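Participant: Input file: upload_26.tsv. Contents: TSV, C-alpha atoms.
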```
chain	number	residue	atom	x	y	z
A	1	SER	CA	0.00	0.00	0.00
A	2	LEU	CA	1.16	3.54	-0.80
A	3	GLN	CA	-1.14	5.11	1.77
A	4	LYS	CA	1.62	6.79	3.80
A	5	GLU	CA	3.41	8.03	0.69
A	6	TYR	CA	0.14	9.39	-0.67
A	7	TRP	CA	-0.45	11.29	2.54
A	8	ASP	CA	3.08	12.71	2.63
A	9	LYS	CA	3.34	13.70	-1.03
A	10	VAL	CA	-0.21	14.63	-2.09
A	11	VAL	CA	-2.49	15.25	0.88
A	12	ARG	CA	0.05	17.32	2.85
A	13	TYR	CA	0.70	19.39	-0.29
A	14	THR	CA	-3.05	20.02	-0.71
A	15	ILE	CA	-3.45	21.16	2.89
A	16	ALA	CA	-0.35	23.38	2.80
A	17	GLU	CA	-1.36	25.07	-0.47
A	18	ALA	CA	-4.89	25.74	0.76
A	19	GLU	CA	-3.62	27.12	4.07
A	20	ALA	CA	-1.26	29.46	2.19
A	21	GLY	CA	-4.16	30.84	0.15
A	22	ARG	CA	-3.24	29.13	-3.12
A	23	THR	CA	-5.28	26.83	-5.38
A	24	PRO	CA	-3.86	23.28	-5.19
A	25	ASN	CA	-4.16	20.61	-7.86
A	26	PRO	CA	-3.79	17.24	-6.08
A	27	ASP	CA	-4.55	15.28	-9.26
A	28	ILE	CA	-1.43	16.61	-10.99
A	29	MET	CA	0.62	15.85	-7.89
A	30	CYS	CA	-0.87	12.37	-7.60
A	31	ASN	CA	0.30	11.49	-11.11
A	32	ALA	CA	3.79	12.97	-10.74
A	33	ARG	CA	4.49	11.79	-7.19
A	34	ILE	CA	2.46	8.59	-6.77
A	35	LYS	CA	1.16	6.89	-9.93
A	36	PHE	CA	4.29	7.70	-11.92
A	37	GLY	CA	6.45	8.35	-8.85
A	38	MET	CA	6.35	6.06	-5.85
A	39	PHE	CA	4.54	3.30	-7.75
A	40	TYR	CA	7.39	3.26	-10.26
A	41	GLU	CA	9.88	3.06	-7.41
A	42	TYR	CA	8.07	0.18	-5.71
A	43	ALA	CA	6.91	-1.87	-8.69
A	44	GLY	CA	7.48	-0.17	-12.03
A	45	ARG	CA	11.27	-0.60	-12.02
A	46	ARG	CA	10.79	-4.34	-12.41
A	47	PHE	CA	9.04	-3.90	-15.75
A	48	ARG	CA	9.88	-2.30	-19.06
A	49	HIS	CA	6.53	-0.48	-19.22
A	50	VAL	CA	3.57	0.43	-17.02
A	51	ALA	CA	0.12	0.74	-18.61
A	52	THR	CA	-2.35	3.35	-17.39
A	53	GLY	CA	-5.90	4.29	-18.38
A	54	HIS	CA	-5.24	7.97	-19.03
A	55	TYR	CA	-6.56	9.56	-22.21
A	56	ALA	CA	-3.19	10.56	-23.65
A	57	ARG	CA	-0.65	9.38	-26.21
A	58	SER	CA	3.13	9.14	-26.27
A	59	HIS	CA	5.71	8.86	-29.02
A	60	THR	CA	9.43	8.15	-28.71
A	61	GLU	CA	11.90	9.46	-31.27
A	62	ILE	CA	15.65	10.01	-31.59
A	63	ASN	CA	16.77	13.64	-31.39
A	64	SER	CA	19.70	15.32	-33.15
A	65	LYS	CA	22.04	14.21	-30.35
A	66	GLY	CA	21.13	10.57	-30.82
A	67	GLU	CA	19.09	10.49	-27.59
A	68	ALA	CA	15.70	8.84	-27.24
A	69	VAL	CA	13.07	11.43	-26.25
A	70	THR	CA	9.45	10.57	-25.46
A	71	ARG	CA	6.81	13.16	-26.29
A	72	LEU	CA	3.43	13.49	-24.54
A	73	LEU	CA	0.63	13.98	-27.07
A	74	CYS	CA	-3.05	14.81	-26.67
A	75	SER	CA	-5.82	12.27	-27.00
A	76	PRO	CA	-8.15	12.57	-30.04
A	77	ASP	CA	-10.94	13.29	-27.54
A	78	PRO	CA	-10.38	16.95	-26.53
A	79	VAL	CA	-12.96	16.79	-23.72
A	80	LYS	CA	-11.54	13.69	-22.04
A	81	ASP	CA	-7.88	14.40	-22.84
A	82	GLN	CA	-5.84	14.07	-19.61
A	83	THR	CA	-2.45	15.43	-20.65
A	84	TYR	CA	-3.07	18.41	-18.37
A	85	PHE	CA	-2.91	16.04	-15.38
A	86	LEU	CA	0.29	14.42	-16.75
A	87	SER	CA	1.99	17.69	-17.68
A	88	THR	CA	4.66	17.66	-14.94
A	89	LEU	CA	6.03	14.19	-15.70
A	90	GLY	CA	9.69	13.75	-16.58
A	91	GLN	CA	11.40	11.60	-19.22
A	92	ASP	CA	12.10	8.75	-16.80
A	93	GLN	CA	8.36	8.57	-16.09
A	94	ILE	CA	6.77	9.21	-19.48
A	95	SER	CA	9.18	6.95	-21.38
A	96	LYS	CA	7.91	3.88	-19.50
A	97	ALA	CA	4.21	4.74	-19.72
A	98	LEU	CA	1.78	3.03	-22.08
A	99	PHE	CA	-1.61	4.60	-22.80
A	100	PRO	CA	-3.73	1.83	-24.39
A	101	VAL	CA	-6.94	3.91	-24.48
A	102	GLY	CA	-5.19	7.09	-25.57
A	103	GLU	CA	-5.83	6.54	-29.29
A	104	TYR	CA	-9.59	6.37	-28.75
A	105	THR	CA	-12.36	8.78	-27.85
A	106	LYS	CA	-14.45	8.14	-24.74
A	107	SER	CA	-17.46	7.14	-26.85
A	108	GLU	CA	-15.35	4.57	-28.72
A	109	ILE	CA	-14.17	3.09	-25.42
A	110	ARG	CA	-17.79	2.87	-24.26
A	111	GLU	CA	-18.66	1.01	-27.46
A	112	LEU	CA	-15.80	-1.44	-26.97
A	113	ALA	CA	-16.78	-2.03	-23.34
A	114	GLU	CA	-20.33	-2.78	-24.49
A	115	LYS	CA	-19.10	-5.05	-27.30
A	116	PHE	CA	-16.99	-7.17	-24.93
A	117	ASP	CA	-19.57	-6.96	-22.12
A	118	LEU	CA	-17.06	-5.61	-19.62
A	119	PRO	CA	-18.19	-5.12	-15.99
A	120	THR	CA	-17.34	-1.41	-16.28
A	121	LYS	CA	-19.44	-0.79	-19.39
A	122	MET	CA	-22.06	1.23	-17.44
A	123	ARG	CA	-19.67	2.80	-14.96
A	124	LYS	CA	-20.04	6.55	-14.57
A	125	ASP	CA	-17.11	8.85	-15.25
A	126	SER	CA	-15.08	9.66	-12.15
A	127	GLN	CA	-15.23	13.26	-10.96
A	128	GLY	CA	-13.86	15.35	-8.11
A	129	ILE	CA	-10.57	15.12	-6.27
A	130	CYS	CA	-8.97	11.69	-6.43
A	131	PHE	CA	-8.57	11.03	-2.69
A	132	LEU	CA	-11.80	12.52	-1.34
A	133	GLY	CA	-14.43	10.14	-2.69
A	134	LYS	CA	-17.75	11.22	-1.18
A	135	LEU	CA	-16.11	13.69	1.16
A	136	LYS	CA	-16.66	17.41	0.48
A	137	PHE	CA	-13.47	19.42	0.08
A	138	ASP	CA	-14.69	21.98	2.65
A	139	ASP	CA	-15.24	19.18	5.18
A	140	PHE	CA	-11.74	17.90	4.49
A	141	LEU	CA	-10.28	21.36	5.12
A	142	ALA	CA	-12.40	21.82	8.24
A	143	HIS	CA	-11.00	18.61	9.72
A	144	TYR	CA	-7.35	19.56	9.16
A	145	LEU	CA	-7.37	23.36	9.22
A	146	GLY	CA	-10.43	24.14	11.30
A	147	GLU	CA	-11.74	27.69	11.23
A	148	ASN	CA	-10.01	31.07	11.28
A	149	PRO	CA	-12.79	33.71	11.12
A	150	GLY	CA	-12.15	37.04	9.48
A	151	LEU	CA	-13.94	39.94	7.84
A	152	VAL	CA	-15.47	40.01	4.37
A	153	ILE	CA	-14.83	43.45	2.83
A	154	ASP	CA	-16.54	45.17	-0.10
A	155	GLU	CA	-13.57	46.31	-2.20
A	156	GLU	CA	-15.30	49.41	-3.53
A	157	SER	CA	-16.87	50.85	-0.34
A	158	GLU	CA	-14.47	49.16	2.14
A	159	GLU	CA	-17.60	48.24	4.09
A	160	VAL	CA	-17.67	45.05	6.18
A	161	VAL	CA	-20.33	42.92	4.48
A	162	GLY	CA	-19.80	39.59	6.23
A	163	GLU	CA	-17.53	37.18	8.08
A	164	HIS	CA	-15.71	34.21	6.62
A	165	LYS	CA	-14.70	31.02	8.46
A	166	GLY	CA	-11.27	30.77	6.89
A	167	LEU	CA	-9.64	32.04	3.71
A	168	TRP	CA	-8.84	28.46	2.67
A	169	TYR	CA	-12.54	27.87	2.02
A	170	HIS	CA	-12.50	30.41	-0.80
A	171	THR	CA	-10.85	30.77	-4.21
A	172	ILE	CA	-10.14	33.80	-6.38
A	173	GLY	CA	-13.05	34.30	-8.76
A	174	GLN	CA	-15.49	32.37	-6.57
A	175	ARG	CA	-19.15	33.28	-6.79
A	176	LYS	CA	-21.06	30.18	-5.69
A	177	GLY	CA	-21.21	29.54	-1.95
A	178	LEU	CA	-20.50	33.08	-0.73
A	179	GLY	CA	-23.99	33.57	0.70
A	180	PRO	CA	-23.37	32.03	4.16
A	181	SER	CA	-20.40	34.38	4.65
A	182	LEU	CA	-22.45	37.55	3.99
A	183	PHE	CA	-24.58	39.51	6.44
A	184	ALA	CA	-28.37	39.61	6.06
A	185	GLY	CA	-29.33	41.94	3.23
A	186	GLN	CA	-25.95	41.78	1.49
A	187	VAL	CA	-26.71	38.74	-0.66
A	188	ASN	CA	-29.35	40.68	-2.60
A	189	ARG	CA	-26.71	43.25	-3.57
A	190	GLY	CA	-24.86	40.58	-5.55
A	191	PRO	CA	-23.73	38.67	-7.39
A	192	TRP	CA	-20.55	38.90	-5.31
A	193	TYR	CA	-17.16	37.57	-6.40
A	194	VAL	CA	-13.97	36.91	-4.45
A	195	ILE	CA	-11.31	39.20	-5.93
A	196	GLU	CA	-8.58	38.95	-3.29
A	197	LYS	CA	-7.51	36.99	-0.22
A	198	ASN	CA	-5.55	39.25	2.14
A	199	MET	CA	-3.56	36.62	4.02
A	200	ARG	CA	-1.75	39.11	6.27
A	201	GLU	CA	-4.94	40.67	7.64
A	202	ASN	CA	-7.11	37.55	7.17
A	203	LYS	CA	-9.63	39.49	5.08
A	204	LEU	CA	-11.71	38.22	2.18
A	205	ILE	CA	-12.12	40.98	-0.41
A	206	VAL	CA	-15.24	40.79	-2.57
A	207	SER	CA	-16.89	42.92	-5.22
A	208	ASN	CA	-20.27	43.19	-6.92
A	209	SER	CA	-19.04	45.74	-9.47
A	210	ALA	CA	-19.07	44.20	-12.94
A	211	GLU	CA	-16.35	46.62	-14.12
A	212	LYS	CA	-14.11	45.86	-11.14
A	213	ILE	CA	-14.65	42.12	-11.45
A	214	SER	CA	-13.78	42.21	-15.14
A	215	SER	CA	-10.58	44.20	-14.59
A	216	ILE	CA	-9.30	42.20	-11.61
A	217	LEU	CA	-10.38	38.64	-12.31
A	218	ARG	CA	-9.76	38.64	-16.03
A	219	GLU	CA	-6.05	39.13	-16.54
A	220	ASN	CA	-3.62	38.25	-19.31
A	221	VAL	CA	-0.22	38.24	-17.60
A	222	LEU	CA	1.16	35.63	-15.21
A	223	VAL	CA	4.36	33.95	-14.10
A	224	VAL	CA	4.78	30.18	-13.89
A	225	GLN	CA	7.28	28.93	-11.33
A	226	ASP	CA	9.05	25.57	-10.91
A	227	PHE	CA	8.32	24.78	-14.55
A	228	GLN	CA	8.94	21.18	-15.61
A	229	TRP	CA	9.81	20.54	-19.27
A	230	ILE	CA	8.76	16.99	-20.16
A	231	SER	CA	11.74	16.64	-22.50
A	232	GLY	CA	14.07	17.72	-19.70
A	233	ASN	CA	15.33	20.68	-21.75
A	234	ILE	CA	14.20	24.20	-22.59
A	235	PRO	CA	13.08	24.41	-26.24
A	236	GLU	CA	15.87	25.71	-28.50
A	237	LYS	CA	13.64	28.49	-29.82
A	238	LEU	CA	13.14	29.82	-26.31
A	239	LYS	CA	16.91	29.80	-25.78
A	240	THR	CA	17.74	31.63	-28.99
A	241	ALA	CA	14.72	33.90	-29.56
A	242	LYS	CA	14.07	34.44	-25.83
A	243	LYS	CA	10.35	34.20	-26.47
A	244	MET	CA	7.99	31.88	-28.30
A	245	LYS	CA	4.30	31.45	-28.93
A	246	LEU	CA	2.52	28.35	-27.59
A	247	LYS	CA	-0.94	27.24	-26.54
A	248	VAL	CA	-1.70	27.28	-22.83
A	249	LYS	CA	-4.25	25.39	-20.76
A	250	LEU	CA	-5.05	26.80	-17.30
A	251	ARG	CA	-7.40	24.02	-16.22
A	252	HIS	CA	-8.47	20.56	-17.30
A	253	GLY	CA	-10.79	20.60	-20.31
A	254	PRO	CA	-10.77	21.23	-24.05
A	255	ASN	CA	-10.08	24.97	-23.92
A	256	THR	CA	-6.66	26.39	-24.79
A	257	GLN	CA	-5.52	29.80	-25.93
A	258	SER	CA	-2.43	31.29	-27.53
A	259	ALA	CA	0.23	32.84	-25.32
A	260	TRP	CA	3.69	34.36	-25.57
A	261	ILE	CA	6.15	32.88	-23.12
A	262	GLN	CA	9.52	34.24	-22.02
A	263	LYS	CA	12.16	32.81	-19.71
A	264	VAL	CA	12.66	34.88	-16.56
A	265	ASN	CA	16.27	36.05	-16.23
A	266	GLY	CA	18.30	34.32	-13.55
A	267	SER	CA	15.97	31.33	-13.34
A	268	ASN	CA	15.86	28.03	-15.20
A	269	THR	CA	12.35	27.20	-14.04
A	270	ALA	CA	10.38	30.50	-14.08
A	271	ILE	CA	8.39	31.44	-17.20
A	272	PHE	CA	6.60	34.74	-17.85
A	273	VAL	CA	3.37	34.31	-19.82
A	274	GLU	CA	1.24	36.79	-21.71
A	275	LEU	CA	-2.13	35.36	-22.74
A	276	GLU	CA	-3.76	36.38	-25.98
A	277	ASN	CA	-7.09	36.71	-24.16
A	278	ASN	CA	-7.87	37.62	-20.55
A	279	ASP	CA	-8.63	34.74	-18.18
A	280	SER	CA	-9.32	34.03	-14.52
A	281	ILE	CA	-5.99	33.33	-12.79
A	282	ALA	CA	-5.24	32.14	-9.25
A	283	PRO	CA	-1.83	31.47	-7.62
A	284	GLY	CA	-1.14	27.76	-7.27
A	285	GLN	CA	-3.22	26.88	-10.32
A	286	PHE	CA	-1.20	24.98	-12.96
A	287	ALA	CA	-0.50	26.25	-16.48
A	288	ALA	CA	0.38	23.62	-19.11
A	289	PHE	CA	1.84	24.47	-22.52
A	290	TYR	CA	1.21	22.85	-25.89
A	291	THR	CA	2.41	23.13	-29.47
A	292	ASP	CA	0.08	23.51	-32.44
A	293	GLU	CA	0.70	19.79	-33.05
A	294	ASP	CA	-0.96	19.00	-29.68
A	295	GLU	CA	2.25	18.05	-27.90
A	296	CYS	CA	2.27	18.87	-24.19
A	297	LEU	CA	5.66	20.44	-23.39
A	298	GLY	CA	5.32	20.75	-19.62
A	299	ALA	CA	3.73	22.77	-16.84
A	300	GLY	CA	4.20	24.56	-13.56
A	301	PRO	CA	2.20	26.35	-10.84
A	302	ILE	CA	1.23	30.00	-11.25
A	303	GLY	CA	3.10	32.23	-8.82
A	304	GLU	CA	3.04	35.84	-7.68
A	305	LEU	CA	3.76	38.36	-10.44
A	306	THR	CA	6.31	40.73	-8.91
A	307	SER	CA	7.52	44.10	-10.24
A	308	ASN	CA	11.09	42.83	-10.84
A	309	ILE	CA	9.73	40.17	-13.18
A	310	LEU	CA	7.59	42.69	-15.08
A	311	ASP	CA	10.60	45.01	-15.47
A	312	GLN	CA	12.43	42.47	-17.64
A	313	VAL	CA	9.51	41.44	-19.80
A	314	GLU	CA	9.91	41.94	-23.56
A	315	LEU	CA	6.47	40.79	-24.63
A	316	GLY	CA	3.69	43.33	-24.09
A	317	LYS	CA	5.53	45.48	-21.52
A	318	ASN	CA	2.62	44.90	-19.13
A	319	THR	CA	0.30	46.89	-21.39
A	320	HIS	CA	-2.14	43.99	-21.72
A	321	SER	CA	-1.60	43.95	-25.48
A	322	VAL	CA	-0.20	41.10	-27.53
A	323	ASN	CA	2.78	41.27	-29.85
A	324	THR	CA	1.71	39.53	-33.07
A	325	GLU	CA	4.89	39.78	-35.08
A	326	GLU	CA	5.06	35.97	-35.20
A	327	GLU	CA	2.53	33.20	-35.66
A	328	GLU	CA	-7.51	20.65	-16.99
A	329	GLU	CA	-11.24	23.15	-13.29
A	330	GLY	CA	-8.80	25.28	-11.60
A	331	GLY	CA	-9.93	25.76	-8.51
A	332	ILE	CA	-11.14	23.04	-6.24
A	333	SER	CA	-14.79	22.75	-5.40
A	334	SER	CA	-16.76	20.54	-3.07
A	335	THR	CA	-17.52	16.99	-4.18
A	336	ALA	CA	-20.71	15.03	-3.69
A	337	GLU	CA	-22.63	14.81	-0.42
A	338	GLY	CA	-21.00	12.35	1.95
A	339	GLU	CA	-20.35	11.11	5.42
A	340	SER	CA	-18.85	13.12	8.26
A	341	SER	CA	-15.37	14.46	7.53
A	342	SER	CA	-13.76	12.94	10.62
A	343	SER	CA	-14.79	9.35	9.96
A	344	LEU	CA	-13.94	9.41	6.25
A	345	VAL	CA	-10.59	11.11	6.69
A	346	GLU	CA	-9.57	8.75	9.47
A	347	GLU	CA	-10.60	5.79	7.33
A	348	LEU	CA	-8.55	7.08	4.41
A	349	PHE	CA	-5.37	8.29	6.06
A	350	LEU	CA	-5.13	7.52	9.77
```
Rewrite the coordinates I just gave you, this time as structure tokens.
Facilitator:
Amino acid sequence: SLQKEYWDKVVRYTIAEAEAGRTPNPDIMCNARIKFGMFYEYAGRRFRHVATGHYARSHTEINSKGEAVTRLLCSPDPVKDQTYFLSTLGQDQISKALFPVGEYTKSEIRELAEKFDLPTKMRKDSQGICFLGKLKFDDFLAHYLGENPGLVIDEESEEVVGEHKGLWYHTIGQRKGLGPSLFAGQVNRGPWYVIEKNMRENKLIVSNSAEKISSILRENVLVVQDFQWISGNIPEKLKTAKKMKLKVKLRHGPNTQSAWIQKVNGSNTAIFVELENNDSIAPGQFAAFYTDEDECLGAGPIGELTSNILDQVELGKNTHSVNTEEEEEGGISSTAEGESSSSLVEELFL
């Protein structure tokens, strides 16, 4: 059993990220650290390959240096494609992986399951965070982090409009579920959105101004830290041209958009990104990058965009415009209704 390792490498990460006010992605960590990490260490080393049911493809080729390099490619089913969850794997992990269902769409797999009368032919698609099952994410956080009440502030008027139970229960851009944290009479002034989590003062900043929400929550510049290139190397074009245009995916799903990326000076793992279109961005959320040929190049968590990073940017100079001289669900939400948090958590991890 990898129960202890799962707790140490995935669950602890999820708790720590939430407590720090960031948006964790335990599914990405589970793949990198457990399914293709500790499982490889315990069992996978004894075999040439390990097969997994992810909707993804891989292809191994010999590069100009005579080295074998395995590429991670998207599934033909853009909705079910799971390369986003595999985007932080390294060569030692991806080179041993086999994806037998990766060449098919979900509907084709359903047809095959029906044809061969497999026991799973009517099984529903799995949803939610991998380790929670029926447990709500808020109940999970309540068990391990408890409550830390603070004020809910209207960003525009600076008026106190409610009280939250802990900043870790909220995500940037959140709308659903804010009602219980607002005073009587404030809900009707909505819709309200979370636009900031002030960790130092333990304040939840909200707004019901459509203009303010649009300007704050929909941004087009970000920095990705601790970036992992699947090939193990920075693309040559990024080394020579200093910037390149790729497709970026900010959450699991079929949607991507074009973006300019630039290596941050003095760092081998930090990437500055300028999106072609504005999007909702939260620290801790993962950004994965793709070529036009649907190859996933790697990913990393979104960090804090500091002034010293913006000062060295050569893309749009922080003007929210895009230089065109060349041609996944981020946040975590509660899962299904379930049993009490204490009993389920203890059953899973204690």
Participant: Just the number, please: distance in Å from CA of Gly102 in chain A to CA of Pro76 in chain A, one decimal.
Facilitator: 7.7 Å
Participant: So how many Å separate CA of Arg57 in chain A and CA of Pro283 in chain A, to one decimal?
Facilitator: 28.9 Å
Participant: Report the distance between CA of Pro26 in chain A and CA of Lys9 in chain A in Å, rounded to one decimal place.
Facilitator: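 Atom-to-atom, CA of Pro26 in chain A to CA of Lys9 in chain A, that is 9.4 Å.
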Participant: Skip Asn268 in chain A itself and residues of its chain fewer than 4 positions away, then list as an MDAnalysis selection string all residues within 10 Å of it, counting all atoms listed in the file.
Facilitator: chainID A and resid 225:228 233:234 263:264
Participant: Which residues, written as JSON, numbers by chain, have at least one atom at most 7 Å from Glu276 in chain A, with only C-alpha atoms counted and residues fewer than 2 positions away on the same chain left out?
Facilitator: {"A": [220, 257, 258, 259, 274, 278, 322]}
Participant: Please provide as a ChimeraX atom specification all residues within 7 Å of range 79-92 of chain A, with the sequence filter that same-chain residues fewer than 5 positions apart are discarded (counting all atoms listed in the file).
Facilitator: /A:27-28,31-32,54-56,70,74,106,228,230-232,252-254,288,296,298-299,328
Participant: Selected residues, C-alpha atoms, written as a compact mmCIF listing (two decimals), in the coordinates of the input, please.
Facilitator:
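New file part01.txt:
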```
# COMPACT_ATOMS: atom_id res chain seq x y z
CA ASP A 27 -4.55 15.28 -9.26
CA ILE A 28 -1.43 16.61 -10.99
CA ASN A 31 0.30 11.49 -11.11
CA ALA A 32 3.79 12.97 -10.74
CA HIS A 54 -5.24 7.97 -19.03
CA TYR A 55 -6.56 9.56 -22.21
CA ALA A 56 -3.19 10.56 -23.65
CA THR A 70 9.45 10.57 -25.46
CA CYS A 74 -3.05 14.81 -26.67
CA LYS A 106 -14.45 8.14 -24.74
CA GLN A 228 8.94 21.18 -15.61
CA ILE A 230 8.76 16.99 -20.16
CA SER A 231 11.74 16.64 -22.50
CA GLY A 232 14.07 17.72 -19.70
CA HIS A 252 -8.47 20.56 -17.30
CA GLY A 253 -10.79 20.60 -20.31
CA PRO A 254 -10.77 21.23 -24.05
CA ALA A 288 0.38 23.62 -19.11
CA CYS A 296 2.27 18.87 -24.19
CA GLY A 298 5.32 20.75 -19.62
CA ALA A 299 3.73 22.77 -16.84
CA GLU A 328 -7.51 20.65 -16.99
```
Participant: Counting only C-alpha atoms, which of A:Ile216, A:Val194, A:Ile261, A:Met38 gets nearest to Lys242 in chain A?
Facilitator: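 When distances to Lys242 in chain A are compared using only C-alpha atoms, the smallest one comes from A:Ile261.
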Participant: Neighbours of Glu295 in chain A within 6 Å (all atoms listed in the file; same-chain residues fewer than 2 positions away dropped), as a list of chain:residue names?
Facilitator: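 Here the answer would be A:Leu72, A:Leu73, A:Tyr290, A:Thr291, A:Glu293.
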Participant: Extract range 29-40 of chain A from the preceding block and save N, CA and C atoms as a compact mmCIF listing (two decimals), in the first residue's frame.
Facilitator:
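Heads up, here's the output in decode00.txt:
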```txt
# COMPACT_ATOMS: atom_id res chain seq x y z
N MET A 29 -0.38 16.35 -8.82
CA MET A 29 0.62 15.85 -7.89
C MET A 29 0.53 14.33 -7.72
N CYS A 30 -0.68 13.81 -7.74
CA CYS A 30 -0.87 12.37 -7.60
C CYS A 30 -0.18 11.63 -8.75
N ASN A 31 -0.33 12.14 -9.96
CA ASN A 31 0.30 11.49 -11.11
C ASN A 31 1.82 11.58 -11.03
N ALA A 32 2.34 12.76 -10.74
CA ALA A 32 3.79 12.97 -10.74
C ALA A 32 4.47 12.27 -9.57
N ARG A 33 3.83 12.27 -8.40
CA ARG A 33 4.49 11.79 -7.19
C ARG A 33 4.11 10.37 -6.79
N ILE A 34 2.91 9.92 -7.20
CA ILE A 34 2.46 8.59 -6.77
C ILE A 34 2.34 7.62 -7.94
N LYS A 35 1.39 7.84 -8.85
CA LYS A 35 1.16 6.89 -9.93
C LYS A 35 2.38 6.70 -10.81
N PHE A 36 3.08 7.80 -11.11
CA PHE A 36 4.29 7.70 -11.92
C PHE A 36 5.53 8.00 -11.08
N GLY A 37 5.35 8.07 -9.77
CA GLY A 37 6.45 8.35 -8.85
C GLY A 37 6.75 7.16 -7.97
N MET A 38 6.09 7.11 -6.82
CA MET A 38 6.35 6.06 -5.85
C MET A 38 5.97 4.68 -6.37
N PHE A 39 4.90 4.59 -7.18
CA PHE A 39 4.54 3.30 -7.75
C PHE A 39 5.65 2.77 -8.65
N TYR A 40 6.25 3.66 -9.44
CA TYR A 40 7.39 3.26 -10.26
C TYR A 40 8.52 2.75 -9.39
```
